Amino acid sequence: MAEKRWICVANPNKDLQDKLSKELNIGSDLATVLLNRGIHSFDEAKNFFRPQIDLLHNPFLMKGMESAVNRILAAIEKNEKILIYGDYDVDGTTAVSLVYMFLSKLHPNIEYYIPDRYIEGYGISFKGIDHAFENNFKLIIALDCGIKSIDKVAYANEKNIDFIICDHHLPDEILPKAYSILNPKQIDCNYPFKELPGCGIGFKLCQAISQKLNLPFSDIEEYLDLVAVAISADIVPIHDENRVLTCFGLKKLKSNPNKGLKALLEFYFDKPFYEVSDLVFSIGPRINAAGRMAHGKESVALMTAKTDEEAKEIASSINQRNTERRDVDQNITKEALEMLDTLPEHQNKKSTLVYNENWHKGVVGIVASRLIEKYYKPTIVLCASNGKATGSARSVDGFDLYTAIEACSDLLEQFGGHTHAAGMTLPIENVALFREKFEVEVNKRITPEQQIESIKFETEIAFSRISPKFMGIIKQMAPFGPANLNPVFRSNQVWDSGHIKIVGNNHLQMWLTQEDGRKGIKAIAFNMGQHFNKISEGHSFDICYSIEENHWDGKVFLQLNVKDIKFKE
C-alpha cells in the first residue's frame with residue numbers, strides 16, 4: 001500500500017481563530033479544532049460542549065409525520081393489529097425494539113417481524129407481507145428499510161395493508177406508494193437534519209406520538225441508549241441531533257441501561273463512562289451476530305426482555321454467536337486474501353470484487369472492510385445464497401460507492417445502501433460481467449487522491465502543549481465519531497529517548513521527546529514494528545497522533561496513539 005497522505009484540515013482564518021480563542025479562553029490550536037467542526041461562536045460552542053435535550057428538532061417538521069402519527073393513533077383506536085418490521089442489523093433491530101416497546105404501552109395488539117437474512121434477504125419481503133396478511137395485520141411500520149420496496153408495498157396495498165416507512169437510505173425518484181414515508185433524505189422534506197439512522201427516525205416517530213398525546217418526555221427518554229447504539233454502529237455523522245441523542249444515550253447506558261444492553265455489557269469491561277468506540281466494538285458486533293449467524297429476532301428478544309434473567313440467557317447465546325462469527329470471518333478473510341494474491345492483475349485494478357459460493361453470507365461485509373485495510377480499494381465480497389449471488393460492498397474515504405453500483409444496476413436484481421456501504425443480489429451468471437462493469441465505473445469516477453489512504457489532522461502542535469488541562473477540553477468534545485472524530489494532531493522532529501520496544505503483535509511502544517526537550521510523552525504505534533530499527537538508531541521523524549488517557553494500576557496518564565510515522569528524506 002502506498003504511503004499515506006497527511007492532510008491538514010485547519011481553518012486558515014486567523015481572525016476567527018483569535019476571536020474564538022479569546023471568547024472561550026482556550027489556545028488557538030483548540031480553537032482551530034472547534035472551527036474545523038463548524039463552531040464559530042460562543043453560543044455554538046456552548047451547544048457543542050453542553051448539549052441539551054431541547055436542542056432536538058420538532059418531529060413534525062419531518063415530511064409525512066402528521067399522517068404517520070394519525071394513522072397509528074387510528075389503528076390504536078380501532079384496535080387494529082400493528083406489525084413492527086425491521087432489518088436484521090443493529091440499526092434495524094434497535095429501531096424495532098424501541099418502537100415495539102413504546103407502542104406496546106399504548107396498544108396490546110402489536111408484534112414485531114425481522115426477515116430471515118438467508119431466506120428473505122434484506123428489507124421488506126413478500127414472505128413478511130404474507131405473514132402480516134395471514135395474521136390479520138392492518139398496518140406495517142417498516143424501520144431501516146422499505147424506501148426501495150415499490151413492488152412489496154404495492155403487494156401489501158392489494159391486501160389492504162397500510163405501510164408507514166421509516167428509512168434513512170437514499171430514495172429513488174419513484175417512491176413506494178406507502179401510507180406515509182418518513183425519510184429526511186426525500187428531496188422535498190424540510191426536516192433540518194438529514195443524517196438520523198433508522199432507529200433515530202423510529203425515535204422521532206415515538207416523540208411525535210408522545211407529543212400528540214401530551215405524554216412526558218421520560219416515556220421516550222428510556223430508549224435513548226438504543227438510539228446511541230444505532231448511531232454508533234451505523235457510522236452516521238455524530239453532529240447536530242445525532243450528537244444530542246448520543247450524549248444522553250451514553251449517559252443512560254451507564255446509569256440505567258436497557259436490560260438487554262446491560263447483559264451484553266457484562267461480556268465487556270466496566271468503565272467510568274462509555275464512548276462510541278465501546279458500542280462499535282462491543283455491543284454492535286454482538287447484536288449483529290444474531291442476524292449474521294442465526295436470526296435477527298434474537299437481538300430484538302434481547303432488547304425487549306422484561307427481566308434481567310431473561311436478558312442474561314439471551315445475551316449468553318448471542319455472545320456465543322459472536323465468537324462463531326469471529327472465527328468464520330477470519331477464515332474467509334484469509335481465503336479472500338489468498339485468492340487475490342494469486343491474481344497479479346488485481347494489483348492494477350481500481351476495485352476489488354471476490355466471489356466464493358461457499359462463503360458465509362453473514363460476514364461478507366466484515367470481510368470487505370478487512371480487504372480494504374490491505375488493498376485500499378472499493379470492495380465487493382459475494383457469496384451464493386438461494387441460487388443467487390449476494391453480498392456487501394464497502395468504500396474508501398470520499399468515493400461514492402452507491403453511484404458506481406447504481407451504474408451497474410442492469411446486472412443486478414436488487415441493491416441498496418449509501419455512499420460508503422451497500423448490499424446487492426444478482427444472478428450468479430452475472431458475477432463476471434458485474435466485476436468488469438464495476439471496475440469500469442470505479443475507474444471512471446475515482447480520483448488519484450481517493451486511491452491513497454489519508455490521515456486528516458487538525459493542526460500542528462508542540463509536545464509542550466499537551467497537558468491534563470489540554471486533554472480535559474478534548475474530552476469534552478466527545479462523543480467522537482464521523483463528523484466529530486477524536487482530534488488528530490501533527491508534531492514534527494520527534495525521536496525516541498531510548499526506551500523503544502516491540503510489544504504484542506508488531507506494535508511499537510516509545511517514549512517520545514521533541515527538539516525543545518521540554519516535554520516527553522509515552523506513545524503506542526500499532527502495527528508499525530517495521531520502523532523499529534530506524535527509530536532505535538536515533539533518527540528523528542514526524543508523527544500524526546491522537547491523545548488518550550491510559551488507565552493503569554489505579555493511575556491515569558496521557559499517551560499518544562500514533563496514526564502514522566514519516567521520516568525526513
# chains A, B, ... in the order shown; residues from 1 in each chain; ligands from 1

$ residues_around --residues "A:Ile466" --least-positions-apart "2" --cutoff "9 Å" --atoms "only C-alpha atoms" --output "ChimeraX atom specification"
/A:461-464,468-471,519,521,547,558

$ write_last_selection --atoms "N, CA and C atoms" --output "tab-separated table (two decimals), in the first residue's frame"
chain	number	residue	atom	x	y	z
A	461	ILE	N	1.05	20.84	16.52
A	461	ILE	CA	1.31	21.35	17.87
A	461	ILE	C	2.65	20.83	18.37
A	462	ALA	N	3.18	21.50	19.37
A	462	ALA	CA	4.39	21.03	20.06
A	462	ALA	C	3.98	20.20	21.26
A	463	PHE	N	4.84	19.28	21.67
A	463	PHE	CA	4.56	18.44	22.83
A	463	PHE	C	4.30	19.28	24.09
A	464	SER	N	4.89	20.44	24.13
A	464	SER	CA	4.73	21.29	25.32
A	464	SER	C	3.28	21.72	25.53
A	468	PRO	N	-2.81	17.77	31.11
A	468	PRO	CA	-4.13	17.33	31.56
A	468	PRO	C	-5.23	18.35	31.24
A	469	LYS	N	-4.92	19.64	31.33
A	469	LYS	CA	-5.92	20.67	31.02
A	469	LYS	C	-6.30	20.62	29.53
A	470	PHE	N	-5.28	20.51	28.67
A	470	PHE	CA	-5.49	20.40	27.23
A	470	PHE	C	-6.37	19.19	26.93
A	471	MET	N	-6.04	18.05	27.57
A	471	MET	CA	-6.79	16.82	27.38
A	471	MET	C	-8.21	16.95	27.92
A	519	LYS	N	9.44	18.41	26.89
A	519	LYS	CA	8.31	17.53	27.11
A	519	LYS	C	8.59	16.15	26.52
A	521	ILE	N	6.73	12.14	26.30
A	521	ILE	CA	5.42	11.51	26.48
A	521	ILE	C	5.44	10.09	25.93
A	547	ILE	N	-4.48	11.95	21.21
A	547	ILE	CA	-4.05	11.91	22.61
A	547	ILE	C	-5.13	11.16	23.40
A	558	LEU	N	-1.33	10.35	30.32
A	558	LEU	CA	-1.57	10.65	28.91
A	558	LEU	C	-0.60	9.87	28.03

$ select_by_dssp --residues "stretch 147-245 of chain A" --states "alpha helix (DSSP H)" --output "MDAnalysis selection string"
chainID A and resid 150:158 198:212 218:221 224:233 240:245

$ atom_distance --atom1 "atom CA of A:Gln347" --atom2 "atom CA of A:Leu371"
13.0 Å

$ select_by_dssp --residues "stretch 421-525 of chain A" --states "strand (DSSP E or B)" --output "JSON, numbers by chain"
{"A": [421, 422, 423, 424, 425, 426, 427, 454, 455, 456, 457, 460, 481, 484, 489, 490, 491, 492, 493, 494, 495, 496, 501, 502, 503, 507, 508, 509, 510, 511, 512, 513, 514, 520, 521, 522, 523, 524, 525]}

$ residues_around --residues "stretch 501-518 of chain A" --least-positions-apart "4" --cutoff "7 Å" --atoms "only C-alpha atoms" --output "list in words"
Phe463, Ser464, Gln493, Val494, Trp495, Asp496, Ser497, Lys522, Ala523, Ile524, Ala525, Phe526, Asn527, Met528 and Gly529 of chain A

$ write_last_selection --atoms "N, CA and C atoms" --output "short mmCIF file (atom, residue, chain, number, x, y, z; two decimals), in the first residue's frame"
data_model
loop_
_atom_site.label_atom_id
_atom_site.label_comp_id
_atom_site.auth_asym_id
_atom_site.auth_seq_id
_atom_site.Cartn_x
_atom_site.Cartn_y
_atom_site.Cartn_z
N PHE A 463 4.84 19.28 21.67
CA PHE A 463 4.56 18.44 22.83
C PHE A 463 4.30 19.28 24.09
N SER A 464 4.89 20.44 24.13
CA SER A 464 4.73 21.29 25.32
C SER A 464 3.28 21.72 25.53
N GLN A 493 9.74 16.54 14.02
CA GLN A 493 11.06 16.42 14.63
C GLN A 493 11.00 15.82 16.04
N VAL A 494 10.44 14.63 16.13
CA VAL A 494 10.41 13.94 17.41
C VAL A 494 11.34 12.72 17.31
N TRP A 495 11.74 12.19 18.47
CA TRP A 495 12.53 10.98 18.47
C TRP A 495 12.31 10.22 19.77
N ASP A 496 12.66 8.97 19.74
CA ASP A 496 12.53 8.15 20.96
C ASP A 496 13.72 8.39 21.86
N SER A 497 13.46 8.44 23.16
CA SER A 497 14.53 8.76 24.11
C SER A 497 15.27 7.52 24.60
N LYS A 522 4.72 9.20 26.61
CA LYS A 522 4.63 7.81 26.17
C LYS A 522 3.77 7.72 24.91
N ALA A 523 4.12 6.79 24.03
CA ALA A 523 3.38 6.64 22.77
C ALA A 523 3.28 5.17 22.40
N ILE A 524 2.16 4.82 21.75
CA ILE A 524 1.98 3.47 21.20
C ILE A 524 1.67 3.63 19.71
N ALA A 525 2.32 2.81 18.89
CA ALA A 525 2.10 2.85 17.44
C ALA A 525 1.75 1.43 17.00
N PHE A 526 0.48 1.18 16.75
CA PHE A 526 0.01 -0.16 16.42
C PHE A 526 0.45 -0.57 15.01
N ASN A 527 0.93 -1.81 14.90
CA ASN A 527 1.32 -2.41 13.62
C ASN A 527 2.38 -1.59 12.86
N MET A 528 3.31 -0.99 13.60
CA MET A 528 4.37 -0.20 12.96
C MET A 528 5.76 -0.70 13.35
N GLY A 529 5.86 -1.97 13.66
CA GLY A 529 7.14 -2.55 14.06
C GLY A 529 8.22 -2.42 13.01
#

$ residues_around --residues "A:Leu382" --least-positions-apart "2" --cutoff "7 Å" --atoms "only C-alpha atoms" --output "list in words"
Val354, Tyr355, Asn356, Val364, Ile380, Ala389, Thr390, Gly391 and Ser392 of chain A

$ write_last_selection --atoms "C-alpha atoms" --output "CSV table (one decimal), in the first residue's frame"
chain,number,residue,atom,x,y,z
A,354,VAL,CA,-14.2,-11.6,-5.0
A,355,TYR,CA,-16.8,-14.4,-5.1
A,356,ASN,CA,-17.0,-17.8,-3.5
A,364,VAL,CA,-19.1,-10.8,3.8
A,380,ILE,CA,-17.4,-6.1,-3.0
A,389,ALA,CA,-25.0,-14.2,-5.8
A,390,THR,CA,-25.4,-11.9,-2.9
A,391,GLY,CA,-23.0,-9.7,-0.9
A,392,SER,CA,-21.8,-6.5,0.5

$ closest_atom_pairs --of "stretch 440-480 of chain A" --to "stretch 25-41 of chain A" --cutoff "9 Å" --atoms "only C-alpha atoms" --output "tab-separated table"
residue	atom	partner	partner_atom	distance
A:Glu458	CA	A:Val33	CA	5.9
A:Thr459	CA	A:Asp29	CA	6.7
A:Glu460	CA	A:Asp29	CA	8.0
A:Ile461	CA	A:Asp29	CA	7.3
A:Phe470	CA	A:Leu30	CA	8.3
A:Ile473	CA	A:Leu30	CA	8.2
A:Ile474	CA	A:Leu30	CA	8.1
A:Met477	CA	A:Leu34	CA	8.8

$ write_last_selection --atoms "C-alpha atoms" --output "PDB file, in the first residue's frame"
ATOM      1  CA  GLU A 458      -6.386  19.276  12.860  1.00  0.00           C
ATOM      2  CA  THR A 459      -3.235  21.342  13.217  1.00  0.00           C
ATOM      3  CA  GLU A 460       0.429  21.057  14.180  1.00  0.00           C
ATOM      4  CA  ILE A 461       1.305  21.349  17.874  1.00  0.00           C
ATOM      5  CA  PHE A 470      -5.489  20.404  27.225  1.00  0.00           C
ATOM      6  CA  ILE A 473     -11.001  20.195  26.855  1.00  0.00           C
ATOM      7  CA  ILE A 474     -10.604  17.495  24.189  1.00  0.00           C
ATOM      8  CA  MET A 477     -15.635  17.276  22.646  1.00  0.00           C
TER       9      MET A 477
END
